[in-house]
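Read the structure below first, then the notes.
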Amino acid sequence: MALCTPTQKLSLAFYAETRRTRTKQSTTVRMVASSDVATYEEGQLERPKWAGETPLSRLVGALISFKPISAVLKFGARQVLISTAEKNDIPWRAMTKEILESDVYKEMESIQNRSIVYPAYYLNPFHAYDDGNLSWLAAAEAEAADLSMTRRAIPYASSVDKANDVMRGNWLQAIEKHHQQYAGEIRDILDIGCSVGVSTKCLADKFPSAKVTGLDLSPYFLAVAQLKEKKGGPRKNPISWVHAIGEDSGLPSKSFDVVSLSYVVCLLSNSEHLSVERCL
């Protein structure tokens with residue numbers, strides 16, 4: 001799939017300024033909003049002492065690579081993450097249980113493309129899941145994890161919903177303003193790396209007259225996305241879900257007015273960045 005977009009004039013609503021020195025990296029994250037969405041500035045973030053190429057970081061890396069220790073560390077980290085989420089009014093365990101005890105497994109039949117050959121990078125452990133994104137647990141916990149990340153990024157918001165309004169609101173308004181200025185009507189939207197459909201649903205809600213497609217490489221995530229969308233009631237233009245590789249989607253070239261990658265590029269290695277850039 002090839003796309004043609006006037007990116008030289010793209011309006012950004014969410015960006016990061018990074019300053020590097022020999023000893024640390026600091027990042028200022030800013031969100032630039034319009035009049036009806038609050039602005040937020042996180043401030044300075046410093047790289048932990050155990051990160052980077054230092055003796056301590058190498059020691060941490062060696063410990064993590066030792067499976068018995070790694071298992072203990074992952075278990076402890078998960079418990080802290082879940083506990084922190086629930087203290088911030090994100091019912092992590094309840095949300096996960098609701099998915100795992102639902103009929104989500106039946107959705108896999110209509111979603112999964114069994115001819116896909118998964119890239120090697122996608123078969124590695126990821127986000128503390130041994131099977132990466134190819135597991136029901138990862139799919140069931142994805143939305144709670146998304147809300148937790150949003151709450152952490154916008155800590156001074158009065159609620160999780162308000163934090164989400166800032167994160168998603170700026171992104172959606174940037175898309176709308178840029179496209180109205182340079183391209184006109186938004187009729188077809190592709191959300192690459194849509195996960196369990198949180199970003200895809202936001203796009204469909206914001207642009208109800210558009211046909212929205214969510215694409216992801218995990219059939220587990222897509223099964224959850226489809227189940228949740230069915231529970232949300234009918235739409236004028238139902239969301240389409242595609243199980244495919246973002247680098248080679250099989251979708252027609254130049255067939256979308258907007259292509260979105262939400263929380264995707266930051267998770268890619270340099271080689272994967274190049275693969276994605278070649279498809280855009």
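By convention in this document, the chains of the structure tokens carry letters A, B, ... by their order, each chain's residues are numbered from 1, and ligands are numbered from 1 in the order they are shown.
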Running DSSP on the backbone, which parts of region 7-249 of chain A land in strand (DSSP E or B), as a count of residues only? 40
Per residue of region 193-254 of chain A within 12 Å of region 113-133 of chain A, what are the shortest atom pair and its distance in Å to one decimal, counting only C-alpha atoms, with rows by chain and residue number, as a tab-separated table?
residue	atom	partner	partner_atom	distance
A:Gly193	CA	A:Asn133	CA	11.3
A:Ser195	CA	A:Asn133	CA	9.0
A:Val196	CA	A:Asn133	CA	10.8
A:Leu215	CA	A:Asn113	CA	11.8
A:Asp216	CA	A:Asn133	CA	10.2
A:Leu217	CA	A:Tyr118	CA	8.0
A:Ser218	CA	A:Asn133	CA	6.1
A:Pro219	CA	A:Asn113	CA	7.9
A:Tyr220	CA	A:Asn133	CA	7.6
A:Phe221	CA	A:Asn133	CA	7.6
A:Leu222	CA	A:Asn133	CA	10.8
A:Ala223	CA	A:Asn113	CA	11.9
A:Trp241	CA	A:Asn113	CA	11.1
A:Val242	CA	A:Asn113	CA	8.5
A:His243	CA	A:Asn113	CA	5.9
A:Ala244	CA	A:Ile116	CA	7.2
A:Ile245	CA	A:Ile116	CA	8.0
A:Gly246	CA	A:Pro119	CA	11.0
A:Glu247	CA	A:Pro119	CA	10.3
A:Asp248	CA	A:Ile116	CA	10.6
A:Ser249	CA	A:Ile116	CA	10.5
A:Gly250	CA	A:Ile116	CA	11.3
Selected residue of minimal separation from Ser83 (chain A) among A:Ala145, A:Ala210, A:Ala174, A:Ala71, counting only C-alpha atoms: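 The closest residue to Ser83 (chain A) is A:Ala145.
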Near-Ala142 (chain A) list (10 Å; only C-alpha atoms; drop same-chain fewer than 4 positions) as a short mmCIF file (atom, residue, chain, number, x, y, z; two decimals) with N, CA and C atoms, in the first residue's frame:
data_model
loop_
_atom_site.label_atom_id
_atom_site.label_comp_id
_atom_site.auth_asym_id
_atom_site.auth_seq_id
_atom_site.Cartn_x
_atom_site.Cartn_y
_atom_site.Cartn_z
N TRP A 92 -8.55 -2.59 36.40
CA TRP A 92 -7.76 -3.48 35.54
C TRP A 92 -8.26 -4.93 35.60
N MET A 95 -11.86 -5.37 34.20
CA MET A 95 -11.90 -5.22 32.75
C MET A 95 -11.34 -6.47 32.06
N THR A 96 -10.26 -7.00 32.61
CA THR A 96 -9.64 -8.19 32.05
C THR A 96 -10.56 -9.40 32.18
N ASN A 133 2.07 -10.06 21.64
CA ASN A 133 0.68 -9.67 21.38
C ASN A 133 -0.18 -10.83 20.89
N TRP A 136 -4.38 -14.16 24.55
CA TRP A 136 -5.64 -13.61 25.04
C TRP A 136 -5.42 -12.67 26.23
N LEU A 137 -4.44 -12.97 27.07
CA LEU A 137 -4.21 -12.11 28.23
C LEU A 137 -3.77 -10.72 27.79
N ALA A 138 -2.83 -10.66 26.85
CA ALA A 138 -2.38 -9.35 26.35
C ALA A 138 -3.54 -8.58 25.75
N ASP A 146 -3.73 0.83 28.27
CA ASP A 146 -3.81 2.09 27.53
C ASP A 146 -4.27 3.22 28.45
N LEU A 147 -5.31 2.96 29.24
CA LEU A 147 -5.81 3.97 30.17
C LEU A 147 -4.77 4.31 31.23
N SER A 148 -4.03 3.31 31.68
CA SER A 148 -3.00 3.53 32.70
C SER A 148 -1.90 4.44 32.15
N SER A 195 -4.63 -2.22 17.62
CA SER A 195 -4.73 -2.93 18.90
C SER A 195 -6.17 -3.40 19.12
N VAL A 196 -6.75 -3.07 20.27
CA VAL A 196 -8.12 -3.52 20.57
C VAL A 196 -9.15 -2.48 20.16
N GLY A 197 -8.76 -1.55 19.29
CA GLY A 197 -9.71 -0.65 18.68
C GLY A 197 -10.03 0.63 19.43
N VAL A 198 -9.26 0.97 20.46
CA VAL A 198 -9.53 2.20 21.20
C VAL A 198 -9.37 3.41 20.28
N PHE A 221 -6.11 -9.27 19.50
CA PHE A 221 -6.49 -7.87 19.71
C PHE A 221 -7.71 -7.51 18.87
N VAL A 224 -10.98 -8.85 20.25
CA VAL A 224 -11.47 -7.99 21.34
C VAL A 224 -12.08 -6.72 20.77
#
Which of these residues is nearest to Ala140 (chain A), using only C-alpha atoms: A:Arg78, A:Lys201, A:Lys228, A:His179? A:Lys228
